[in-house]
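Dumped entry.cif below, it's mmCIF, C-alpha atoms and all ligand atoms:
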data_entry
loop_
_atom_site.label_atom_id
_atom_site.label_comp_id
_atom_site.auth_asym_id
_atom_site.auth_seq_id
_atom_site.Cartn_x
_atom_site.Cartn_y
_atom_site.Cartn_z
CA MET A 1 0.00 0.00 0.00
CA THR A 2 1.37 3.35 -0.94
CA CYS A 3 -0.05 6.84 -0.70
CA ALA A 4 -0.35 10.22 -2.30
CA ILE A 5 1.51 13.26 -1.00
CA ARG A 6 0.16 16.80 -1.02
CA ALA A 7 2.25 19.74 0.13
CA GLU A 8 0.73 23.20 0.20
CA GLU A 9 2.68 26.40 0.70
CA LEU A 10 5.17 24.87 3.11
CA ARG A 11 7.16 27.48 4.99
CA LYS A 12 9.98 27.11 7.45
CA THR A 13 12.16 29.81 8.94
CA PHE A 14 15.15 29.11 11.17
CA ARG A 15 16.54 31.63 13.61
CA VAL A 16 20.30 31.40 13.46
CA ARG A 17 22.66 33.05 15.91
CA GLU A 18 25.06 35.40 14.21
CA THR A 19 28.69 34.78 14.93
CA ALA A 20 30.90 37.83 14.86
CA SER A 21 34.62 37.67 14.18
CA GLY A 22 37.46 38.75 16.44
CA LEU A 23 37.61 38.87 20.22
CA GLY A 24 35.49 42.01 20.47
CA GLY A 25 32.91 40.48 18.17
CA THR A 26 32.87 37.22 20.15
CA LEU A 27 32.34 39.13 23.40
CA ARG A 28 29.63 41.27 21.90
CA SER A 29 27.78 38.25 20.51
CA LEU A 30 28.03 36.49 23.90
CA LEU A 31 26.66 39.50 25.75
CA ARG A 32 24.04 40.40 23.27
CA PRO A 33 23.41 37.61 20.77
CA ARG A 34 22.08 38.66 17.43
CA TYR A 35 19.83 36.50 15.34
CA ARG A 36 19.26 36.26 11.69
CA GLU A 37 16.32 34.59 9.99
CA VAL A 38 16.91 31.97 7.35
CA HIS A 39 13.91 31.30 5.17
CA ALA A 40 14.59 27.66 4.40
CA LEU A 41 11.18 27.21 2.77
CA ALA A 42 9.24 30.18 1.46
CA GLY A 43 6.08 28.47 0.23
CA VAL A 44 6.59 25.11 -1.46
CA SER A 45 3.67 23.23 -3.03
CA PHE A 46 3.59 20.00 -4.97
CA ALA A 47 1.65 16.78 -5.24
CA LEU A 48 2.78 13.22 -5.81
CA GLU A 49 0.72 10.30 -6.97
CA PRO A 50 1.24 6.86 -5.45
CA GLY A 51 4.02 4.96 -7.19
CA GLU A 52 5.89 8.00 -8.53
CA MET A 53 9.63 8.40 -8.26
CA VAL A 54 10.56 12.08 -8.15
CA GLY A 55 13.98 13.70 -8.03
CA PHE A 56 14.38 16.80 -5.84
CA ILE A 57 17.33 18.86 -6.95
CA GLY A 58 18.69 22.30 -6.13
CA PRO A 59 21.91 23.94 -4.98
CA ASN A 60 23.24 23.61 -1.43
CA GLY A 61 20.97 25.27 1.09
CA ALA A 62 18.00 25.28 -1.31
CA GLY A 63 15.62 23.66 1.19
CA LYS A 64 15.60 20.04 0.00
CA SER A 65 16.44 18.43 3.34
CA THR A 66 14.02 20.71 5.16
CA THR A 67 11.26 19.56 2.81
CA ILE A 68 12.12 15.89 3.40
CA LYS A 69 12.18 16.44 7.18
CA ILE A 70 8.74 18.04 7.12
CA LEU A 71 7.33 15.24 4.97
CA SER A 72 8.87 12.75 7.39
CA GLY A 73 7.29 14.39 10.43
CA ILE A 74 10.69 15.29 11.91
CA LEU A 75 10.12 19.05 11.49
CA VAL A 76 6.93 21.03 11.79
CA PRO A 77 6.49 23.84 9.22
CA ASP A 78 5.71 27.42 10.37
CA GLY A 79 3.19 27.78 7.58
CA GLY A 80 1.34 25.69 5.04
CA THR A 81 0.56 22.06 5.46
CA CYS A 82 0.97 18.65 3.95
CA THR A 83 -0.67 15.29 4.00
CA VAL A 84 0.76 11.91 3.22
CA GLY A 85 -1.92 9.36 2.47
CA GLY A 86 -4.41 11.73 4.10
CA LEU A 87 -2.47 12.13 7.36
CA VAL A 88 -0.49 15.13 8.57
CA PRO A 89 2.96 13.61 9.30
CA TRP A 90 3.85 15.51 12.50
CA GLU A 91 0.38 15.03 13.97
CA ARG A 92 0.24 11.28 13.40
CA ARG A 93 3.85 10.26 13.81
CA VAL A 94 3.29 6.66 14.81
CA GLU A 95 1.00 5.77 11.90
CA HIS A 96 3.13 7.83 9.55
CA VAL A 97 6.42 6.20 10.48
CA ALA A 98 4.90 2.76 9.97
CA ARG A 99 4.33 3.56 6.29
CA LEU A 100 7.57 5.35 5.64
CA GLY A 101 11.24 4.52 5.15
CA VAL A 102 13.81 7.32 5.32
CA VAL A 103 17.50 7.30 4.48
CA PHE A 104 19.70 10.30 5.17
CA GLY A 105 23.02 9.81 3.37
CA GLN A 106 24.96 11.59 6.08
CA ARG A 107 23.38 9.90 9.06
CA THR A 108 22.93 6.30 10.08
CA GLN A 109 19.99 4.46 11.55
CA LEU A 110 22.21 1.47 12.32
CA TRP A 111 24.04 0.82 15.58
CA TRP A 112 27.66 1.68 14.93
CA ASP A 113 29.27 -1.01 17.06
CA LEU A 114 26.85 -3.85 16.37
CA PRO A 115 26.92 -6.32 13.52
CA VAL A 116 24.43 -5.42 10.80
CA THR A 117 22.19 -8.35 11.62
CA GLU A 118 21.71 -7.14 15.20
CA SER A 119 20.67 -3.71 13.99
CA PHE A 120 18.07 -5.42 11.83
CA ASP A 121 16.84 -7.38 14.88
CA LEU A 122 16.53 -4.20 16.92
CA LEU A 123 14.62 -2.44 14.16
CA ALA A 124 12.27 -5.41 13.82
CA ASP A 125 11.56 -5.08 17.57
CA ILE A 126 11.09 -1.33 17.37
CA TYR A 127 8.60 -1.71 14.55
CA ARG A 128 7.03 -4.73 16.33
CA LEU A 129 7.16 -6.74 13.15
CA ASP A 130 5.62 -10.16 12.85
CA ARG A 131 8.54 -12.60 13.14
CA ALA A 132 7.90 -14.84 10.19
CA ARG A 133 7.05 -11.95 7.93
CA ALA A 134 10.09 -9.96 9.05
CA ALA A 135 12.34 -12.94 8.41
CA ARG A 136 11.00 -13.31 4.87
CA ARG A 137 11.37 -9.64 4.17
CA ARG A 138 14.88 -9.56 5.54
CA GLN A 139 15.87 -12.49 3.39
CA GLU A 140 14.47 -10.80 0.32
CA LEU A 141 16.38 -7.56 1.04
CA VAL A 142 19.60 -9.41 1.84
CA GLY A 143 19.30 -11.11 -1.54
CA ARG A 144 18.43 -8.01 -3.53
CA LEU A 145 21.08 -5.83 -1.92
CA ASP A 146 23.69 -8.58 -1.70
CA LEU A 147 24.15 -8.19 2.06
CA GLY A 148 24.96 -11.81 2.89
CA PRO A 149 28.69 -11.26 3.47
CA LEU A 150 28.04 -8.09 5.50
CA LEU A 151 25.57 -9.37 8.08
CA ASP A 152 28.13 -10.23 10.79
CA VAL A 153 30.30 -7.17 10.24
CA PRO A 154 30.06 -4.27 12.73
CA VAL A 155 28.62 -1.24 10.98
CA ARG A 156 31.67 0.92 11.65
CA GLN A 157 33.80 -1.49 9.57
CA LEU A 158 31.64 -1.21 6.45
CA SER A 159 32.65 0.86 3.46
CA LEU A 160 30.30 3.74 2.69
CA GLY A 161 28.76 1.85 -0.23
CA GLN A 162 28.23 -1.28 1.86
CA ARG A 163 26.74 0.77 4.66
CA MET A 164 24.37 2.53 2.33
CA ARG A 165 23.04 -0.82 1.07
CA CYS A 166 22.45 -1.83 4.69
CA GLU A 167 20.75 1.52 5.40
CA LEU A 168 18.35 0.89 2.54
CA ALA A 169 17.49 -2.55 3.89
CA ALA A 170 17.02 -1.09 7.39
CA ALA A 171 14.66 1.56 6.04
CA LEU A 172 12.62 -1.04 4.19
CA LEU A 173 12.37 -3.87 6.74
CA HIS A 174 8.87 -2.83 7.75
CA GLU A 175 7.70 -2.83 4.11
CA PRO A 176 6.84 0.86 3.76
CA GLY A 177 5.08 2.07 0.64
CA LEU A 178 7.01 5.33 0.75
CA LEU A 179 10.73 5.93 0.71
CA PHE A 180 12.45 9.29 1.22
CA LEU A 181 16.12 9.43 0.35
CA ASP A 182 18.28 12.42 1.17
CA GLU A 183 21.54 12.27 -0.78
CA PRO A 184 21.80 8.46 -0.71
CA THR A 185 24.72 8.29 -3.13
CA ILE A 186 26.83 11.05 -1.60
CA GLY A 187 30.49 10.02 -1.50
CA LEU A 188 29.94 6.68 -3.25
CA ASP A 189 32.08 5.34 -6.07
CA ALA A 190 30.56 4.53 -9.46
CA PRO A 191 29.89 0.78 -8.91
CA ALA A 192 28.24 1.44 -5.53
CA LYS A 193 26.06 4.13 -7.10
CA LEU A 194 25.02 1.79 -9.88
CA ALA A 195 24.06 -0.96 -7.41
CA ILE A 196 21.89 1.46 -5.47
CA ARG A 197 20.29 2.86 -8.59
CA GLU A 198 19.46 -0.62 -9.85
CA PHE A 199 17.89 -1.50 -6.52
CA LEU A 200 15.81 1.70 -6.35
CA ARG A 201 14.58 1.20 -9.88
CA SER A 202 13.25 -2.27 -9.14
CA LEU A 203 11.79 -1.17 -5.81
CA ASN A 204 9.80 1.52 -7.59
CA ARG A 205 8.87 -0.38 -10.74
CA GLU A 206 8.26 -3.85 -9.35
CA GLN A 207 6.99 -3.09 -5.89
CA GLY A 208 5.36 0.25 -6.61
CA VAL A 209 7.09 2.06 -3.76
CA THR A 210 6.74 5.85 -4.00
CA VAL A 211 10.19 7.43 -3.88
CA ILE A 212 11.42 10.97 -3.29
CA LEU A 213 15.09 11.25 -4.05
CA THR A 214 17.08 14.35 -3.21
CA THR A 215 20.51 14.37 -4.71
CA HIS A 216 23.38 16.39 -6.03
CA ASP A 217 24.07 13.63 -8.48
CA LEU A 218 22.18 14.54 -11.60
CA ASP A 219 23.06 11.20 -13.16
CA ASP A 220 20.95 9.58 -10.41
CA VAL A 221 18.03 11.75 -11.40
CA GLU A 222 18.46 11.15 -15.09
CA ALA A 223 18.74 7.40 -14.59
CA LEU A 224 15.79 7.06 -12.23
CA CYS A 225 13.29 9.90 -12.27
CA ARG A 226 10.87 10.81 -14.99
CA ARG A 227 9.84 13.81 -12.97
CA LEU A 228 12.08 16.35 -11.36
CA VAL A 229 11.43 19.19 -8.98
CA VAL A 230 13.90 22.05 -8.69
CA ILE A 231 14.06 23.93 -5.40
CA HIS A 232 16.04 27.13 -5.04
CA HIS A 233 16.05 29.63 -2.15
CA GLY A 234 13.16 27.77 -0.54
CA ARG A 235 10.92 27.97 -3.57
CA LEU A 236 9.85 25.44 -6.12
CA LEU A 237 11.05 26.71 -9.47
CA PHE A 238 10.41 23.83 -11.76
CA ASP A 239 8.27 20.71 -11.73
CA GLY A 240 8.28 18.54 -14.82
CA ASP A 241 10.41 16.21 -16.88
CA LEU A 242 13.97 16.64 -18.05
CA ASP A 243 12.88 17.59 -21.57
CA GLY A 244 10.75 20.36 -20.10
CA LEU A 245 13.67 21.69 -18.09
CA ARG A 246 15.89 21.46 -21.16
CA ALA A 247 13.40 23.43 -23.20
CA ARG A 248 13.52 26.22 -20.62
CA VAL A 249 17.28 26.49 -20.90
CA THR A 250 18.22 25.78 -24.48
CA SER A 251 17.09 24.18 -27.70
CA GLU A 252 20.71 23.41 -28.52
CA ARG A 253 21.73 19.98 -29.83
CA ARG A 254 25.17 18.43 -29.97
CA LEU A 255 26.59 16.57 -32.91
CA THR A 256 29.55 14.35 -32.09
CA VAL A 257 31.32 13.11 -35.18
CA ASP A 258 34.34 10.88 -35.79
CA LEU A 259 36.01 11.78 -39.05
CA ASP A 260 38.40 9.95 -41.29
CA GLY A 261 39.95 13.14 -42.59
CA ASP A 262 40.41 16.80 -41.76
CA LEU A 263 37.60 19.28 -41.64
CA ASP A 264 37.49 23.02 -41.15
CA PRO A 265 34.33 23.66 -39.08
CA ALA A 266 34.21 27.20 -40.45
CA ARG A 267 32.83 25.60 -43.60
CA LEU A 268 29.73 24.55 -41.68
CA PRO A 269 27.47 27.57 -41.09
CA GLY A 270 25.38 27.75 -37.91
CA VAL A 271 27.58 25.55 -35.73
CA THR A 272 30.01 26.20 -32.90
CA VAL A 273 32.81 23.89 -31.87
CA VAL A 274 32.33 22.58 -28.32
CA ALA A 275 35.31 20.21 -28.28
CA ARG A 276 37.93 18.81 -30.59
CA GLU A 277 39.97 15.73 -29.76
CA GLY A 278 42.01 14.26 -32.58
CA ARG A 279 39.50 13.46 -35.25
CA ARG A 280 36.51 13.63 -32.96
CA LEU A 281 34.58 16.86 -33.17
CA VAL A 282 31.70 18.00 -30.97
CA LEU A 283 29.56 20.67 -32.58
CA ALA A 284 26.67 22.63 -31.13
CA PHE A 285 23.78 23.79 -33.31
CA ASP A 286 20.27 25.11 -32.96
CA PRO A 287 17.75 22.86 -34.73
CA ALA A 288 15.59 25.92 -35.37
CA THR A 289 18.22 27.30 -37.77
CA VAL A 290 20.05 24.21 -39.02
CA SER A 291 18.32 20.87 -39.31
CA ALA A 292 20.30 17.84 -38.21
CA PRO A 293 19.94 15.93 -41.51
CA GLU A 294 21.06 19.01 -43.44
CA LEU A 295 24.08 19.42 -41.20
CA ILE A 296 25.02 15.77 -41.48
CA ALA A 297 24.73 15.87 -45.27
CA ARG A 298 27.04 18.90 -45.48
CA LEU A 299 29.51 17.32 -43.15
CA ALA A 300 29.61 14.07 -45.12
CA ALA A 301 30.25 16.06 -48.29
CA LEU A 302 33.33 17.71 -46.70
CA ALA A 303 35.02 14.73 -45.03
CA PRO A 304 34.51 10.96 -44.69
CA VAL A 305 32.44 10.29 -41.57
CA ARG A 306 33.11 7.18 -39.49
CA ASP A 307 30.50 7.60 -36.79
CA LEU A 308 28.14 10.23 -35.43
CA THR A 309 25.53 10.91 -32.76
CA VAL A 310 23.15 13.79 -32.11
CA GLU A 311 22.23 14.51 -28.51
CA ALA A 312 20.99 17.22 -26.20
CA PRO A 313 23.60 18.78 -23.89
CA PRO A 314 24.26 16.73 -20.75
CA ILE A 315 22.01 17.19 -17.72
CA GLU A 316 24.76 18.94 -15.68
CA GLU A 317 24.93 21.71 -18.27
CA ILE A 318 21.16 22.03 -18.47
CA VAL A 319 20.78 22.37 -14.73
CA ALA A 320 23.76 24.73 -14.41
CA GLY A 321 22.21 26.84 -17.18
CA PHE A 322 18.87 26.84 -15.38
CA TYR A 323 20.49 28.03 -12.12
CA ARG A 324 22.46 30.71 -13.98
CA GLY A 325 19.24 32.01 -15.49
CA LEU A 326 17.79 32.43 -11.98
CA ASP A 327 20.49 34.71 -10.58
CA PRO A 328 21.07 37.36 -13.22
N1 LIG A 401 18.37 23.29 11.94
C1 LIG A 401 18.68 24.38 11.25
N2 LIG A 401 19.03 25.53 11.90
C2 LIG A 401 19.33 26.63 11.19
N3 LIG A 401 19.33 26.72 9.85
C3 LIG A 401 19.02 25.61 9.16
C4 LIG A 401 18.70 24.39 9.82
N4 LIG A 401 18.41 23.45 8.86
C5 LIG A 401 18.58 24.07 7.69
N5 LIG A 401 18.95 25.36 7.85
C6 LIG A 401 19.18 26.35 6.79
O1 LIG A 401 18.05 26.31 5.92
C7 LIG A 401 18.46 26.40 4.56
C8 LIG A 401 17.97 25.16 3.79
O2 LIG A 401 18.70 24.02 4.28
P1 LIG A 401 18.47 22.55 3.72
O3 LIG A 401 17.03 22.26 3.68
O4 LIG A 401 19.34 21.66 4.53
O5 LIG A 401 19.04 22.68 2.24
P2 LIG A 401 19.53 21.56 1.20
O6 LIG A 401 19.19 20.22 1.75
O7 LIG A 401 18.80 21.90 -0.07
O8 LIG A 401 21.00 21.77 1.02
C9 LIG A 401 19.96 26.58 4.58
O9 LIG A 401 20.26 27.95 4.53
C10 LIG A 401 20.36 25.99 5.91
O10 LIG A 401 21.54 26.58 6.38
MG MG A 402 20.38 18.60 2.16
#

Go ahead and render the structure in this file as structure tokens.
Ligand SMILES: Nc1ncnc2c1ncn2[C@@H]1O[C@H](COP(=O)(O)OP(=O)(O)O)[C@@H](O)[C@H]1O
Ligand SMILES: [Mg+2]
Amino acid sequence: MTCAIRAEELRKTFRVRETASGLGGTLRSLLRPRYREVHALAGVSFALEPGEMVGFIGPNGAGKSTTIKILSGILVPDGGTCTVGGLVPWERRVEHVARLGVVFGQRTQLWWDLPVTESFDLLADIYRLDRARAARRRQELVGRLDLGPLLDVPVRQLSLGQRMRCELAAALLHEPGLLFLDEPTIGLDAPAKLAIREFLRSLNREQGVTVILTTHDLDDVEALCRRLVVIHHGRLLFDGDLDGLRARVTSERRLTVDLDGDLDPARLPGVTVVAREGRRLVLAFDPATVSAPELIARLAALAPVRDLTVEAPPIEEIVAGFYRGLDP
């Protein structure tokens, strides 16, 4: 069972103590502390259908973690409201937590000095899980996340990638229909990231778990999420698919071509050279002024072509371009 999420005009302001520099400043701020308000969320609204997997992205300090904490019931907003499956998270914590798994990439829900398997036992007790059912579920997760060799290892001895796989299992032992992930791939190497991505994909597609993924890693988002939400300065600035975001930033396309001879790109009107490496050339063009087939035909007439691809610019550039457009 999984549930819809509705967030309406969520607001959260933190009061942060100012720290002054120098001895005089330190004394002054001890005697008369000054506070500054940080508007972490300045009115964020969105809705998620059951079974969606949505990527939350935005620069550091944008308000992503604050949003996840409110949806988890850990923080209470100062304004606005939200419901998850019809319940307000911070008002109905016990019922809410039973339906929800949360993983914070920079925190652990495992017991540092205990072997992984004992953490799982403790969590099963905390959630008061039915023994037989919990054993089946654990076995399934151990299989899917390849945790067999890790079960007797104390958590502090695990690599970050190993630990993150255990964190995912821990968050899912009680079979929640919702999973919130806050930077789950932070600091992981490429194979560890791929393993986690593969797992999340099957969790969402095969088991229908609703997933909110906040990440800095845009490759995670591109690989997993049809929908992405961009948060910046506590506001929701974009909600749609990657093509929609791309269209906001640029219509540019990239032609990568491997040539068997030399070519002077100046002989191709309407293109700019993005990169040149030996006989590989990356050209940017706007399909509104030059059509791809036309460009390819001209190119082939000038030099023998071995291979070519036409693509949109990579997601990092699109998102960087989107952010740049926000802060003129
Ligand atoms: N507990 C807190 N106390 C004070 N300020 C906070 C606290 N949590 C977050 N903030 C501030 O709120 C803003 C949003 O933070 P956060 O939601 O963690 O952003 P993100 O996860 O997108 O990087 C930042 O300016 C951050 O410094
Ligand atoms: Mg964060």

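The shortest atom-to-atom distance to Ser159 of chain A, with all atoms listed in the file taken into account, belongs to A:Leu188 out of A:Thr117, A:Leu188, A:Arg144, A:Glu8.
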
Margin query: Taking 6 positions as the minimum chain separation for residues in the same chain, which residues sit within 8 Å of segment 202-204 of chain A when counting only C-alpha atoms? Answer as an MDAnalysis selection string.
Written below: chainID A and resid 51:53 210:211

What are the closest atom pairs, with distances in Å to one decimal, for all residues of chain A lying within 12 Å of ligand MG 402 (chain A)? Consider all atoms listed in the file, order rows by chain and residue number, and present the result as CSV.
residue,atom,partner,partner_atom,distance
A:Ala40,CA,A:MG402,MG,11.0
A:Phe56,CA,A:MG402,MG,10.2
A:Ile57,CA,A:MG402,MG,9.6
A:Gly58,CA,A:MG402,MG,9.2
A:Pro59,CA,A:MG402,MG,9.0
A:Asn60,CA,A:MG402,MG,6.8
A:Gly61,CA,A:MG402,MG,6.8
A:Ala62,CA,A:MG402,MG,7.9
A:Gly63,CA,A:MG402,MG,7.0
A:Lys64,CA,A:MG402,MG,5.4
A:Ser65,CA,A:MG402,MG,4.1
A:Thr66,CA,A:MG402,MG,7.3
A:Thr67,CA,A:MG402,MG,9.2
A:Ile68,CA,A:MG402,MG,8.8
A:Lys69,CA,A:MG402,MG,9.9
A:Val103,CA,A:MG402,MG,11.9
A:Phe104,CA,A:MG402,MG,8.9
A:Gly105,CA,A:MG402,MG,9.3
A:Gln106,CA,A:MG402,MG,9.2
A:Arg107,CA,A:MG402,MG,11.5
A:Leu181,CA,A:MG402,MG,10.3
A:Asp182,CA,A:MG402,MG,6.6
A:Glu183,CA,A:MG402,MG,7.1
A:Pro184,CA,A:MG402,MG,10.6
A:Ile186,CA,A:MG402,MG,10.6
A:Leu213,CA,A:MG402,MG,11.0
A:Thr214,CA,A:MG402,MG,7.6
A:Thr215,CA,A:MG402,MG,8.1
A:His216,CA,A:MG402,MG,9.0
A:Ile231,CA,A:MG402,MG,11.2
A:His232,CA,A:MG402,MG,12.0
A:Gly234,CA,A:MG402,MG,12.0

Starting from 6 Å padding per side, set up an axis-aligned box that covers all listed atoms of ligand LIG 401 (chain A) and hand over centre and edge lengths in Å, one decimal, as JSON.
{"center_x": 19.3, "center_y": 24.1, "center_z": 5.9, "size_x": 16.5, "size_y": 19.7, "size_z": 24.0}

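Distances here use only C-alpha atoms and all ligand atoms; by that measure, the residue among A:Arg226, A:Arg133, A:Arg36, A:Arg280 closest to ligand LIG 401 (chain A) is A:Arg36.
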
Would you list the contacts of Glu277 of chain A as an MDAnalysis selection string, taking every protein, DNA or RNA residue within 12 Å and counting all atoms listed in the file, but skipping same-chain residues closer than 2 positions in sequence? chainID A and resid 256:259 273:275 279:283

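Interatomic distance, atom CA of Arg298 of chain A against atom CA of Phe285 of chain A: 13.5 Å.
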
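The spacing separating atom CA of Gln162 of chain A from atom CA of Asp121 of chain A amounts to 18.3 Å.
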
### Task
Please provide as a PyMOL selection string all residues within 10 Å of Arg248 of chain A, with the sequence filter that same-chain residues fewer than 6 positions apart are discarded (counting only C-alpha atoms).
chain A and resi 238+242+318+321-322+325

Of A:Leu255, A:Leu263, A:Ile70, A:Leu87, the one sitting nearest ligand LIG 401 (chain A) when using all atoms listed in the file is A:Ile70

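The shortest atom-to-atom distance to ligand LIG 401 (chain A), with only C-alpha atoms and all ligand atoms taken into account, belongs to A:His233 out of A:His233, A:Arg306, A:Arg34, A:Arg205.
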
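For the pair atom CA of Ala98 of chain A and atom CA of Leu114 of chain A, the separation is 23.8 Å.
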
| Got a sec to check which residues sit within 12 Å of (25.5, 39.2, 17.9), counting all atoms listed in the file, and write them as a count of residues only? | 19

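With distances restricted to all atoms listed in the file, A:Val229 is the closest residue to ligand LIG 401 (chain A) from A:Val290, A:Ala4, A:Val229, A:Val142.
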
(Q) For a quick check of your reading of the model, name the residues lying within 7 Å of the coordinate (2.7, 18.0, -3.7), counting all atoms listed in the file, and write them as JSON, numbers by chain. (A) {"A": [5, 6, 7, 8, 45, 46, 47, 48]}

Would you kindly return, as JSON, numbers by chain, each protein, DNA or RNA residue with an atom no farther than 10 Å from any atom of Gly240 of chain A, considering all atoms listed in the file and excluding same-chain residues fewer than 3 positions away? {"A": [54, 226, 227, 228, 229, 230, 243, 244, 245]}

If you count all atoms listed in the file, which residues fall within 12 Å of segment 90-97 of chain A, apart from same-chain ones fewer than 3 positions away, as number ranges by chain? A: 2-3, 5, 69-77, 81-87, 100-102, 126-127, 171-172, 174-180

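Closest to ligand LIG 401 (chain A) among A:Ala320, A:Leu236, A:Ala303, A:Val88 is A:Leu236, based on only C-alpha atoms and all ligand atoms.
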